[in-house]
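> Would you mind keeping the following structure in view while I ask a few things?
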Amino acid sequence: MNAVTPLTQHGYKSAALRNPRDAEYDAFSRVTRLMRQAPRQCTTAEAVQAVHLNNELWTILATDLADPGNALPEAMRAGLLSLAGFCLRHGHSALAGQASTDALIDINLSIMKGLRGEVAA
């Protein structure tokens, strides 16, 4: 899962050198790239796969956010859980041909900026 880690002669370097924010950023980056490269409407297998992977990512995040052991402040967890719910509903609408992926791409890009400490516009 670590596309930006250099290869050694035996494969990827240890992921232990990366922090969880970097791993989350990479996951969002990969899924968002797939959605940006596919048609905005789910009219191709590539678009369907990209939205499906986005739904999987947000499901994993929602599961982690709902865990009582999650260390994020409660207000942030609640906000992100709400956002996860929106992304999943919108993803299902996109898969049903009722919405484009534009909102999902915009949200993911904002999350990526936040993970990098940038101000999301």
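Numbering starts fresh at 1 for the residues of each chain in the structure tokens, the chains themselves are lettered A, B, ... in the order given, and ligands are numbered from 1 as they appear.
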Using only C-alpha atoms, which protein or nucleic acid residues come within 7 Å of region 108-117 of chain A? Drop anything in the same chain fewer than 2 positions from it, and give the result as a PyMOL selection string.
chain A and resi 21+25+28+32+104-106+119-120
> Could you take the residues named above and write them with N, CA and C atoms, as a PDB file, in the first residue's frame?

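Output below, filename selection08.pdb:
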```pdb
ATOM      1  N   ARG A  21      -0.836   8.950   9.464  1.00  0.00           N
ATOM      2  CA  ARG A  21      -1.367   9.996   8.579  1.00  0.00           C
ATOM      3  C   ARG A  21      -0.873   9.796   7.155  1.00  0.00           C
ATOM      4  N   TYR A  25      -3.193   9.201   3.974  1.00  0.00           N
ATOM      5  CA  TYR A  25      -3.049  10.060   2.803  1.00  0.00           C
ATOM      6  C   TYR A  25      -2.868   9.201   1.546  1.00  0.00           C
ATOM      7  N   PHE A  28      -6.198   7.613   0.480  1.00  0.00           N
ATOM      8  CA  PHE A  28      -7.067   8.602  -0.175  1.00  0.00           C
ATOM      9  C   PHE A  28      -6.516   8.983  -1.541  1.00  0.00           C
ATOM     10  N   THR A  32      -8.686   8.422  -4.877  1.00  0.00           N
ATOM     11  CA  THR A  32      -9.068   9.665  -5.557  1.00  0.00           C
ATOM     12  C   THR A  32      -8.502   9.706  -6.971  1.00  0.00           C
ATOM     13  N   LEU A 104     -17.461  13.343  -4.279  1.00  0.00           N
ATOM     14  CA  LEU A 104     -16.559  12.407  -3.603  1.00  0.00           C
ATOM     15  C   LEU A 104     -15.104  12.807  -3.806  1.00  0.00           C
ATOM     16  N   ILE A 105     -14.779  13.208  -5.010  1.00  0.00           N
ATOM     17  CA  ILE A 105     -13.415  13.649  -5.317  1.00  0.00           C
ATOM     18  C   ILE A 105     -13.076  14.891  -4.506  1.00  0.00           C
ATOM     19  N   ASP A 106     -13.984  15.860  -4.482  1.00  0.00           N
ATOM     20  CA  ASP A 106     -13.745  17.100  -3.730  1.00  0.00           C
ATOM     21  C   ASP A 106     -13.547  16.825  -2.243  1.00  0.00           C
ATOM     22  N   VAL A 119      -4.703  24.103   4.697  1.00  0.00           N
ATOM     23  CA  VAL A 119      -6.059  24.621   4.878  1.00  0.00           C
ATOM     24  C   VAL A 119      -6.889  24.194   3.686  1.00  0.00           C
ATOM     25  N   ALA A 120      -7.982  23.495   3.952  1.00  0.00           N
ATOM     26  CA  ALA A 120      -8.879  23.075   2.869  1.00  0.00           C
ATOM     27  C   ALA A 120      -9.729  24.260   2.442  1.00  0.00           C
TER      28      ALA A 120
END
```
> Looking only at the backbone, which of the residues in region 4-116 of chain A does DSSP tag as alpha helix (DSSP H), as a PyMOL selection string?
chain A and resi 20-37+45-66+74-95+102-115
> Could you list, as a count of residues only, every residue within 12 Å of Asp64 (chain A), counting only C-alpha atoms and ignoring same-chain residues fewer than 5 positions away?
12
> What does the structure give for the distance between CA of Met35 (chain A) and CA of Ala99 (chain A), in Å to one decimal?
13.3 Å
> Between A:Leu17, A:Ala50, A:Ala96, A:Ile107, which has the minimum distance to Leu83 (chain A) (counting only C-alpha atoms)?
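Once distances to Leu83 (chain A) are computed over only C-alpha atoms, the minimum belongs to A:Ile107.
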> Please list as a VMD selection string every residue within 10 Å of His52 (chain A), counting only C-alpha atoms and excluding residues in the same chain fewer than 6 positions away.
chain A and resid 31 35 46 58 88 91 to 92 94 to 95
> Using only C-alpha atoms, which residue out of A:Thr101, A:Leu53, A:Gly79, A:Glu118 lies closest to Arg36 (chain A)?
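Answer, going by the shortest atom-to-atom distance: A:Thr101.
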> What is the distance, in Å and to one decimal place, between CA of Ser100 (chain A) and CA of Arg40 (chain A)?
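According to the coordinates, CA of Ser100 (chain A) and CA of Arg40 (chain A) are separated by 5.1 Å.
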> Rounded to one decimal, what separation in Å do you get between CA of Ser82 (chain A) and CA of Ala62 (chain A)?
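Separation of CA of Ser82 (chain A) and CA of Ala62 (chain A): 8.9 Å.
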> Could you check the closest approach to Ser29 (chain A) for each of A:Asn54, A:Gly97, A:Asp67, A:Ile60 and tell me which residue wins, using only C-alpha atoms?
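Closest to Ser29 (chain A), using only C-alpha atoms: A:Asn54.
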> Which one is closest to Val51 (chain A): A:Leu34, A:Glu74, A:Thr63, A:Gly85? Count only C-alpha atoms.
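Among A:Leu34, A:Glu74, A:Thr63, A:Gly85, it is A:Leu34 that comes nearest to Val51 (chain A).
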> Just checking: using only C-alpha atoms, which residue out of A:Phe86, A:Pro68, A:Ala75, A:Gln98 ends up closest to Thr43 (chain A)?
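Once distances to Thr43 (chain A) are computed over only C-alpha atoms, the minimum belongs to A:Gln98.
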